$ cat query_10.cif   # mmCIF, C-alpha atoms
data_input
loop_
_atom_site.label_atom_id
_atom_site.label_comp_id
_atom_site.auth_asym_id
_atom_site.auth_seq_id
_atom_site.Cartn_x
_atom_site.Cartn_y
_atom_site.Cartn_z
CA MET Y 433 -35.68 -91.16 -97.27
CA LEU Y 434 -34.55 -92.23 -100.70
CA ALA Y 435 -32.79 -95.26 -99.28
CA SER Y 436 -36.17 -96.67 -98.29
CA PRO Y 437 -38.29 -99.02 -100.42
CA ILE Y 438 -40.50 -96.07 -101.37
CA ILE Y 439 -38.17 -95.44 -104.34
CA ASN Y 440 -37.11 -99.08 -104.66
CA LEU Y 441 -33.37 -98.46 -104.96
CA PRO Y 442 -31.59 -101.82 -105.19
CA LYS Y 443 -29.90 -103.03 -102.02
CA ARG Y 444 -26.72 -103.88 -103.94
CA GLU Y 445 -23.96 -101.32 -103.82
CA MET Y 446 -24.48 -98.62 -106.44
CA HIS Y 447 -22.45 -95.74 -107.83
CA ILE Y 448 -24.72 -92.71 -107.41
CA CYS Y 449 -24.08 -89.29 -108.89
CA TYR Y 450 -25.87 -86.52 -106.97
CA TYR Y 451 -26.22 -83.13 -108.69
CA ILE Y 452 -27.05 -80.34 -106.22
CA SER Y 453 -28.13 -76.79 -107.02
CA GLY Y 454 -25.89 -73.96 -105.83
CA HIS Y 455 -28.81 -71.56 -105.43
CA GLY Y 456 -28.63 -70.88 -101.71
CA PHE Y 457 -27.77 -73.65 -99.26
CA GLY Y 458 -31.22 -75.20 -98.80
CA HIS Y 459 -30.77 -77.71 -101.63
CA ALA Y 460 -27.44 -78.85 -100.21
CA THR Y 461 -28.56 -79.08 -96.58
CA ARG Y 462 -31.48 -81.38 -97.36
CA SER Y 463 -29.39 -83.36 -99.85
CA SER Y 464 -26.80 -83.94 -97.14
CA GLU Y 465 -29.42 -85.86 -95.16
CA VAL Y 466 -30.24 -88.03 -98.17
CA ILE Y 467 -26.52 -88.67 -98.67
CA ILE Y 468 -26.14 -89.79 -95.05
CA GLU Y 469 -28.92 -92.34 -95.56
CA LEU Y 470 -27.33 -93.63 -98.75
CA LEU Y 471 -23.90 -93.93 -97.12
CA GLN Y 472 -25.37 -96.31 -94.56
CA THR Y 473 -26.17 -98.77 -97.35
CA ASN Y 474 -22.59 -98.71 -98.68
CA HIS Y 475 -23.40 -96.88 -101.91
CA GLN Y 476 -20.61 -94.88 -103.54
CA ILE Y 477 -21.60 -91.26 -104.10
CA ASN Y 478 -20.21 -88.53 -106.33
CA VAL Y 479 -21.56 -85.06 -105.46
CA VAL Y 480 -21.51 -82.45 -108.23
CA THR Y 481 -22.19 -78.90 -107.04
CA GLN Y 482 -20.83 -75.38 -106.59
CA VAL Y 483 -21.85 -75.29 -102.92
CA PRO Y 484 -18.95 -74.98 -100.41
CA GLN Y 485 -17.95 -78.36 -99.06
CA PHE Y 486 -18.36 -77.31 -95.41
CA ILE Y 487 -22.13 -77.72 -95.90
CA PHE Y 488 -21.53 -81.48 -96.15
CA THR Y 489 -19.35 -81.78 -93.03
CA ASN Y 490 -22.01 -83.87 -91.27
CA CYS Y 491 -21.76 -86.43 -94.11
CA LEU Y 492 -18.03 -87.02 -93.80
CA SER Y 493 -18.26 -88.75 -90.44
CA LYS Y 494 -20.62 -91.34 -91.96
CA ILE Y 495 -18.19 -92.63 -94.57
CA LYS Y 496 -17.60 -96.36 -94.20
CA LYS Y 497 -14.84 -96.89 -96.75
CA LYS Y 498 -12.22 -94.95 -98.71
CA ASN Y 499 -13.56 -92.80 -101.57
CA GLN Y 500 -17.17 -93.65 -100.70
CA LEU Y 501 -18.06 -89.95 -100.92
CA THR Y 502 -16.30 -87.65 -103.40
CA PHE Y 503 -16.97 -84.12 -104.62
CA ARG Y 504 -16.64 -82.50 -108.01
CA GLN Y 505 -16.81 -78.74 -108.16
CA SER Y 506 -19.07 -78.09 -111.13
CA GLU Y 507 -17.37 -76.16 -113.91
CA TYR Y 508 -20.55 -74.16 -114.51
CA SER Y 509 -23.76 -73.36 -112.68
CA LEU Y 510 -26.09 -76.35 -112.72
CA ASP Y 511 -29.10 -74.07 -112.79
CA VAL Y 512 -29.93 -70.40 -112.82
CA PRO Y 513 -29.42 -68.25 -109.73
CA ILE Y 514 -32.35 -66.07 -108.78
CA PHE Y 515 -31.10 -62.48 -108.88
CA GLN Y 516 -32.37 -60.20 -106.13
CA PHE Y 517 -32.39 -56.46 -105.43
CA ASP Y 518 -32.53 -57.15 -101.69
CA PRO Y 519 -33.48 -60.06 -99.38
CA ILE Y 520 -37.15 -59.94 -100.37
CA THR Y 521 -37.31 -58.58 -103.96
CA ILE Y 522 -36.40 -60.56 -107.05
CA ASP Y 523 -34.92 -59.00 -110.20
CA CYS Y 524 -37.27 -60.67 -112.69
CA ASP Y 525 -35.72 -59.16 -115.83
CA LYS Y 526 -32.16 -60.18 -114.97
CA THR Y 527 -33.29 -63.64 -113.89
CA ALA Y 528 -35.22 -64.18 -117.14
CA GLN Y 529 -32.27 -63.00 -119.21
CA LYS Y 530 -29.95 -65.45 -117.47
CA MET Y 531 -32.43 -68.28 -117.91
CA GLU Y 532 -32.56 -67.61 -121.65
CA GLN Y 533 -28.75 -67.66 -121.81
CA ASP Y 534 -28.61 -70.85 -119.78
CA LEU Y 535 -30.94 -72.59 -122.23
CA ASN Y 536 -28.94 -71.65 -125.33
CA LEU Y 537 -29.44 -74.84 -127.29
CA ILE Y 538 -25.91 -75.31 -128.62
CA GLU Y 539 -24.11 -74.72 -125.33
CA ARG Y 540 -26.80 -76.56 -123.38
CA GLN Y 541 -26.42 -79.68 -125.49
CA GLN Y 542 -22.64 -79.50 -125.14
CA ARG Y 543 -23.00 -79.51 -121.36
CA ILE Y 544 -25.47 -82.40 -121.47
CA ASN Y 545 -23.08 -84.41 -123.64
CA TYR Y 546 -20.17 -83.57 -121.32
CA GLU Y 547 -22.09 -84.83 -118.29
CA ALA Y 548 -23.21 -87.98 -120.11
CA GLU Y 549 -19.62 -88.82 -121.04
CA TRP Y 550 -18.49 -88.21 -117.47
CA LEU Y 551 -21.27 -90.40 -116.05
CA ASN Y 552 -20.18 -93.24 -118.32
CA LYS Y 553 -16.52 -92.65 -117.46
CA ILE Y 554 -17.10 -93.02 -113.70
CA LYS Y 555 -19.52 -95.93 -114.33
CA ALA Y 556 -22.44 -94.28 -112.52
CA ASN Y 557 -25.53 -96.45 -112.04
CA ILE Y 558 -28.04 -93.73 -111.22
CA VAL Y 559 -28.39 -89.93 -111.04
CA LEU Y 560 -30.15 -87.89 -108.35
CA THR Y 561 -30.77 -84.19 -108.93
CA ASP Y 562 -31.86 -81.36 -106.64
CA VAL Y 563 -33.07 -79.78 -108.79
CA SER Y 564 -31.33 -79.09 -112.13
CA SER Y 565 -33.04 -80.59 -115.15
CA LEU Y 566 -29.79 -80.95 -117.11
CA PRO Y 567 -28.63 -84.14 -115.32
CA CYS Y 568 -31.87 -85.88 -116.31
CA ALA Y 569 -31.08 -85.33 -119.97
CA ALA Y 570 -27.47 -86.39 -119.45
CA ALA Y 571 -28.51 -89.57 -117.63
CA ASN Y 572 -30.82 -90.43 -120.51
CA ILE Y 573 -27.93 -90.24 -122.98
CA ALA Y 574 -25.77 -92.27 -120.60
CA ASN Y 575 -28.59 -94.85 -120.47
CA ILE Y 576 -29.00 -94.72 -116.69
CA PRO Y 577 -32.07 -93.73 -114.63
CA SER Y 578 -32.45 -90.40 -112.83
CA ILE Y 579 -34.51 -89.20 -109.87
CA ILE Y 580 -35.61 -85.62 -109.10
CA VAL Y 581 -35.49 -84.85 -105.36
CA SER Y 582 -37.15 -81.53 -104.51
CA ASN Y 583 -40.31 -79.69 -103.55
CA PHE Y 584 -40.31 -77.81 -106.89
CA THR Y 585 -38.81 -77.76 -110.37
CA TRP Y 586 -37.33 -74.78 -112.18
CA SER Y 587 -40.34 -75.02 -114.47
CA ASP Y 588 -42.54 -74.14 -111.48
CA ILE Y 589 -40.32 -71.16 -110.70
CA ALA Y 590 -39.94 -69.76 -114.21
CA ALA Y 591 -43.49 -69.97 -115.49
CA PRO Y 592 -45.51 -67.57 -113.30
CA PHE Y 593 -43.49 -64.40 -113.02
CA ILE Y 594 -41.07 -63.72 -115.88
CA GLN Y 595 -41.52 -62.69 -119.48
CA ASN Y 596 -41.62 -65.76 -121.74
CA GLY Y 597 -41.75 -67.79 -118.54
CA LEU Y 598 -43.99 -70.53 -119.92
CA SER Y 599 -41.73 -71.02 -122.94
CA ILE Y 600 -38.65 -71.24 -120.70
CA ALA Y 601 -40.43 -73.59 -118.30
CA MET Y 602 -41.42 -75.98 -121.07
CA ARG Y 603 -37.77 -76.24 -122.13
CA TYR Y 604 -36.79 -77.20 -118.58
CA ASN Y 605 -39.68 -79.67 -118.52
CA TYR Y 606 -38.40 -81.36 -121.66
CA GLU Y 607 -35.31 -82.39 -119.67
CA TYR Y 608 -37.19 -83.27 -116.47
CA GLU Y 609 -39.35 -85.69 -118.48
CA PHE Y 610 -36.33 -88.02 -118.81
CA ALA Y 611 -36.42 -88.72 -115.04
CA LYS Y 612 -37.79 -92.03 -113.82
CA TYR Y 613 -39.04 -90.73 -110.47
CA PHE Y 614 -39.87 -87.40 -108.85
CA ALA Y 615 -39.33 -87.79 -105.09
CA ARG Y 616 -41.48 -84.82 -104.09
CA LEU Y 617 -40.92 -83.11 -100.76
CA PRO Y 618 -43.54 -81.22 -98.72
CA GLY Y 619 -44.11 -77.63 -99.80
CA PHE Y 620 -44.75 -78.51 -103.46
CA ASN Y 621 -47.05 -76.82 -105.95
CA PRO Y 622 -50.40 -78.66 -105.63
CA ASN Y 623 -51.85 -77.11 -108.81
CA PRO Y 624 -49.18 -76.79 -111.53
CA ASP Y 625 -50.03 -75.30 -114.90
CA PRO Y 626 -51.54 -78.18 -116.93
CA LYS Y 627 -49.02 -77.44 -119.68
CA LEU Y 628 -46.20 -78.08 -117.20
CA LYS Y 629 -47.51 -81.20 -115.51
CA LEU Y 630 -44.81 -83.85 -115.66
CA ILE Y 631 -45.98 -86.99 -117.47
CA ASN Y 632 -43.12 -89.50 -117.39
CA PRO Y 633 -41.55 -89.33 -113.92
CA ILE Y 634 -43.45 -91.37 -111.34
CA ILE Y 635 -44.29 -88.89 -108.55
CA VAL Y 636 -43.70 -90.22 -105.04
CA ASN Y 637 -44.52 -87.87 -102.17
CA ILE Y 638 -41.91 -88.31 -99.44
CA PRO Y 639 -41.71 -86.98 -95.86
CA LEU Y 640 -39.95 -83.84 -94.72
CA ILE Y 641 -36.17 -84.12 -95.00
CA SER Y 642 -34.19 -81.89 -92.65
CA ARG Y 643 -30.98 -81.72 -90.68
CA LYS Y 644 -31.19 -82.00 -86.88
CA ALA Y 645 -29.23 -80.42 -84.06
CA ASN Y 646 -26.31 -82.42 -82.68
CA GLU Y 647 -25.74 -80.18 -79.63
CA SER Y 648 -27.97 -79.07 -76.78
CA LYS Y 649 -29.36 -75.56 -76.45
CA PHE Y 650 -27.09 -74.97 -73.45
CA THR Y 651 -23.93 -76.13 -75.26
CA THR Y 652 -24.56 -73.89 -78.28
CA ARG Y 653 -25.45 -70.86 -76.18
CA GLN Y 654 -22.33 -71.34 -74.10
CA LYS Y 655 -20.16 -71.69 -77.22
CA PHE Y 656 -21.33 -68.36 -78.69
CA ASN Y 657 -21.79 -66.44 -75.43
CA ILE Y 658 -25.56 -66.26 -75.80
CA PRO Y 659 -27.12 -65.47 -72.40
CA ILE Y 660 -28.79 -68.66 -71.23
CA ASN Y 661 -31.89 -66.96 -69.81
CA SER Y 662 -32.53 -64.46 -72.64
CA LYS Y 663 -34.99 -64.92 -75.46
CA ALA Y 664 -33.01 -65.35 -78.66
CA VAL Y 665 -34.02 -64.86 -82.29
CA LEU Y 666 -32.00 -66.29 -85.16
CA ILE Y 667 -31.99 -63.63 -87.91
CA GLN Y 668 -31.41 -65.41 -91.19
CA PHE Y 669 -31.23 -63.26 -94.34
CA GLY Y 670 -27.89 -64.29 -95.82
CA GLY Y 671 -25.27 -61.64 -96.52
CA HIS Y 672 -27.95 -58.97 -96.86
CA THR Y 673 -27.66 -58.19 -93.14
CA ASN Y 674 -24.22 -56.61 -93.55
CA ASP Y 675 -25.62 -53.19 -94.50
CA TRP Y 676 -28.23 -52.99 -91.76
CA GLN Y 677 -28.10 -50.28 -89.10
CA LEU Y 678 -28.88 -52.30 -85.99
CA THR Y 679 -29.99 -50.55 -82.80
CA ASN Y 680 -31.11 -51.66 -79.32
CA GLN Y 681 -34.71 -50.65 -80.10
CA ILE Y 682 -35.21 -53.30 -82.81
CA LEU Y 683 -35.64 -56.24 -80.43
CA PRO Y 684 -37.96 -56.68 -77.47
CA GLN Y 685 -36.44 -55.92 -74.08
CA ASP Y 686 -33.93 -58.54 -72.87
CA TRP Y 687 -33.87 -60.33 -76.22
CA VAL Y 688 -30.71 -61.08 -78.22
CA GLY Y 689 -30.40 -61.38 -81.99
CA ILE Y 690 -28.16 -64.08 -83.46
CA ILE Y 691 -26.84 -63.24 -86.94
CA PRO Y 692 -24.57 -65.48 -89.05
CA SER Y 693 -21.98 -62.89 -90.04
CA LYS Y 694 -18.28 -62.03 -90.02
CA ALA Y 695 -19.10 -58.47 -88.95
CA ASN Y 696 -18.43 -57.06 -85.49
CA LEU Y 697 -21.84 -56.53 -83.92
CA ASN Y 698 -22.85 -54.68 -80.79
CA PHE Y 699 -24.93 -56.35 -78.09
CA PRO Y 700 -27.79 -57.34 -78.06
CA PHE Y 701 -26.77 -58.64 -81.49
CA ILE Y 702 -24.31 -61.53 -81.59
CA ALA Y 703 -22.43 -62.65 -84.70
CA VAL Y 704 -21.77 -66.34 -85.27
CA PRO Y 705 -19.59 -67.76 -88.08
CA PRO Y 706 -21.57 -68.24 -91.31
CA ASP Y 707 -20.30 -71.83 -91.55
CA THR Y 708 -21.85 -72.75 -88.19
CA TYR Y 709 -24.00 -75.89 -88.24
CA PHE Y 710 -27.34 -74.09 -88.38
CA PRO Y 711 -29.55 -76.77 -86.79
CA ASN Y 712 -27.70 -76.14 -83.52
CA LEU Y 713 -28.65 -72.46 -83.79
CA PHE Y 714 -32.27 -73.41 -84.44
CA GLU Y 715 -32.20 -75.53 -81.29
CA ALA Y 716 -30.57 -72.76 -79.25
CA CYS Y 717 -32.96 -69.96 -80.28
CA ASP Y 718 -36.59 -69.32 -79.38
CA VAL Y 719 -37.73 -67.75 -82.68
CA ILE Y 720 -36.47 -67.89 -86.26
CA PHE Y 721 -36.71 -64.76 -88.41
CA GLY Y 722 -36.16 -65.17 -92.13
CA LYS Y 723 -37.52 -65.99 -95.57
CA LEU Y 724 -39.75 -68.81 -96.72
CA GLY Y 725 -37.20 -71.21 -98.17
CA TYR Y 726 -37.39 -74.98 -97.82
CA GLY Y 727 -34.27 -75.20 -95.66
CA THR Y 728 -35.47 -72.58 -93.17
CA CYS Y 729 -39.02 -73.95 -93.05
CA SER Y 730 -38.01 -77.59 -92.63
CA GLU Y 731 -35.45 -76.89 -89.91
CA ALA Y 732 -37.89 -74.66 -88.05
CA LEU Y 733 -40.52 -77.42 -88.17
CA ILE Y 734 -38.16 -80.21 -87.16
CA HIS Y 735 -36.94 -78.21 -84.14
CA ASN Y 736 -40.44 -76.97 -83.26
CA LYS Y 737 -39.49 -73.29 -83.55
CA PRO Y 738 -41.84 -70.54 -84.78
CA LEU Y 739 -40.81 -68.73 -87.95
CA VAL Y 740 -41.45 -65.03 -88.51
CA PHE Y 741 -41.31 -64.61 -92.29
CA VAL Y 742 -41.34 -61.71 -94.73
CA PRO Y 743 -43.38 -62.01 -97.95
CA ARG Y 744 -41.22 -61.90 -101.08
CA GLU Y 745 -42.34 -60.75 -104.50
CA GLY Y 746 -41.75 -63.07 -107.42
CA PHE Y 747 -40.82 -66.23 -105.49
CA ALA Y 748 -43.10 -68.84 -107.00
CA GLU Y 749 -42.60 -71.46 -104.27
CA GLU Y 750 -43.57 -69.03 -101.50
CA PRO Y 751 -47.34 -69.76 -101.38
CA TRP Y 752 -46.71 -73.50 -101.03
CA LEU Y 753 -44.19 -73.06 -98.21
CA LYS Y 754 -46.40 -70.48 -96.52
CA SER Y 755 -49.24 -73.00 -96.56
CA LEU Y 756 -46.91 -75.62 -95.08
CA MET Y 757 -45.95 -73.37 -92.16
CA LEU Y 758 -49.43 -72.01 -91.45
CA SER Y 759 -51.02 -75.45 -91.58
CA ASN Y 760 -48.57 -76.54 -88.89
CA ASN Y 761 -49.25 -73.39 -86.81
CA ALA Y 762 -45.54 -72.65 -87.10
CA GLY Y 763 -45.35 -69.35 -88.96
CA ILE Y 764 -46.32 -65.71 -88.59
CA GLU Y 765 -46.09 -63.13 -91.36
CA ILE Y 766 -44.57 -59.69 -90.89
CA SER Y 767 -45.32 -57.04 -93.50
CA ARG Y 768 -42.61 -55.83 -95.84
CA GLU Y 769 -43.09 -52.32 -94.47
CA LYS Y 770 -42.53 -53.38 -90.88
CA PHE Y 771 -39.56 -55.52 -91.86
CA LEU Y 772 -37.83 -52.75 -93.80
CA ASN Y 773 -38.53 -50.23 -91.02
CA PHE Y 774 -37.13 -52.62 -88.36
CA ASP Y 775 -40.50 -52.64 -86.62
CA TRP Y 776 -40.04 -56.22 -85.46
CA GLN Y 777 -40.81 -56.34 -81.75
CA GLN Y 778 -44.51 -57.26 -81.72
CA SER Y 779 -44.13 -59.94 -84.41
CA LEU Y 780 -41.32 -61.61 -82.47
CA ILE Y 781 -43.37 -61.55 -79.26
CA ASN Y 782 -46.45 -62.91 -81.08
CA ALA Y 783 -44.37 -65.77 -82.49
CA LEU Y 784 -43.79 -67.12 -78.98
CA GLU Y 785 -47.54 -67.70 -78.65
CA LEU Y 786 -47.71 -70.13 -81.59
#

$ encode --input "query_10.cif" --output "structure tokens"
Amino acid sequence: MLASPIINLPKREMHICYYISGHGFGHATRSSEVIIELLQTNHQINVVTQVPQFIFTNCLSKIKKKNQLTFRQSEYSLDVPIFQFDPITIDCDKTAQKMEQDLNLIERQQRINYEAEWLNKIKANIVLTDVSSLPCAAANIANIPSIIVSNFTWSDIAAPFIQNGLSIAMRYNYEYEFAKYFARLPGFNPNPDPKLKLINPIIVNIPLISRKANESKFTTRQKFNIPINSKAVLIQFGGHTNDWQLTNQILPQDWVGIIPSKANLNFPFIAVPPDTYFPNLFEACDVIFGKLGYGTCSEALIHNKPLVFVPREGFAEEPWLKSLMLSNNAGIEISREKFLNFDWQQSLINALEL
């Protein structure tokens, strides 16, 4: 954890500003665990993000003093969302266009200056970022150190798959170079483009960071009326599940499918509120079915649950996370064709043998 001597944060109380990407919830869920560690050492923390605050509910119970943890809803996106046609296909052209707009030099510098002024105003001592590059540049102007906390940078993501990707990536890298440390999580790119290799931040490889269940399997199953003796699969594809035509033939016999959704679902599919504390669902289910994102992979590993994953085109971090899961004998790939045709049964059954 970042509170450990591995990053050499001072033991004195510090005012930390933590910038967290709003692209999905994986950045916020892992950051919440870092925040919990930092709260134990009495640091004051300002979180800047566009992620809903319910993601940080587990942090609030750890507060030791008034105003120790505060939130600022970012007035603009801290980094570029990845636009998708569906759960497994990225819209490269739209994503590249938005990246170009985001890096407009005049507006970009205005935002950097705004953040630098704010950091000085609140008397921040240090900046953490997962994983926007902009706060690194702002911290440099504010004359305070910054730390990247992630398994990738947006440079890694932009370079391989979009038009002008290398040019865009180098502009992100210019800002990342202001960081003092890169606390690098498992599932990172082991062979970055030499032109994008970070020079200035000191790279420190840190262990897996993940949330953990705070309820038993029985308690969670009872809460959501999940049959205690049935095999259960947690189906995790965000809001993209709303348009699916779900039938009894999709799952193996006597299995139930747990879907975070507000929709009314017919058994054997069971809807749970999207703001449910997901680690409890990981603990309660036998198999996880989803995409290769850091949050899903780390929580599957920490709860010792097999992950059935669908390959996604254009997601640069996918090979690194796939390697992480396969090397731990914790993942099984289902083809895009079988996924889209709801031919899931054999893959789910095979996952139980991992």

$ residues_near_point --input "query_10.cif" --point "(-37.6, -74.2, -93.6)" --cutoff "12 Å" --atoms "all atoms listed in the file" --output "count of residues only"
47

$ residues_around --input "query_10.cif" --residues "Phe699 of chain Y" --least-positions-apart "2" --cutoff "9 Å" --atoms "only C-alpha atoms" --output "ChimeraX atom specification"
/Y:680,688-689,697,701-702

$ resolve_selection --input "query_10.cif" --expression "the PyMOL selection byres ((chain Y and resi 482) around 9)" --output "MDAnalysis selection string"
chainID Y and resid 452:455 480:481 483:485 504:510

$ atom_distance --input "query_10.cif" --atom1 "atom CA of Ser464 of chain Y" --atom2 "atom CA of Tyr608 of chain Y"
22.0 Å

$ closest_atom_pairs --input "query_10.cif" --of "segment 585-618 of chain Y" --to "segment 546-567 of chain Y" --cutoff "10 Å" --atoms "only C-alpha atoms" --output "CSV"
residue,atom,partner,partner_atom,distance
Y:Thr585,CA,Y:Val563,CA,6.3
Y:Trp586,CA,Y:Ser564,CA,7.4
Y:Ser587,CA,Y:Ser565,CA,9.2
Y:Arg603,CA,Y:Ser565,CA,9.5
Y:Tyr604,CA,Y:Ser565,CA,6.1
Y:Asn605,CA,Y:Ser565,CA,7.5
Y:Tyr606,CA,Y:Ser565,CA,8.5
Y:Glu607,CA,Y:Ser565,CA,5.4
Y:Tyr608,CA,Y:Ser565,CA,5.1
Y:Glu609,CA,Y:Ser565,CA,8.8
Y:Phe610,CA,Y:Ser565,CA,8.9
Y:Ala611,CA,Y:Ser565,CA,8.8
Y:Tyr613,CA,Y:Leu560,CA,9.6
Y:Phe614,CA,Y:Thr561,CA,9.6
Y:Ala615,CA,Y:Leu560,CA,9.7

$ closest_residue --input "query_10.cif" --among "Y:Lys627, Y:Arg444, Y:Lys694, Y:Lys494" --to "Asn674 of chain Y" --atoms "all atoms listed in the file"
Y:Lys694

$ closest_residue --input "query_10.cif" --among "Y:Val512, Y:Ala570, Y:Ile764, Y:Leu713" --to "Ile691 of chain Y" --atoms "only C-alpha atoms"
Y:Leu713

$ atom_distance --input "query_10.cif" --atom1 "atom CA of Gln516 of chain Y" --atom2 "atom CA of Phe747 of chain Y"
10.4 Å

$ residues_around --input "query_10.cif" --residues "Arg616 of chain Y" --least-positions-apart "3" --cutoff "7 Å" --atoms "all atoms listed in the file" --output "PyMOL selection string"
chain Y and resi 581-583+635-638

$ atom_distance --input "query_10.cif" --atom1 "atom CA of Asn773 of chain Y" --atom2 "atom CA of Ile660 of chain Y"
28.7 Å
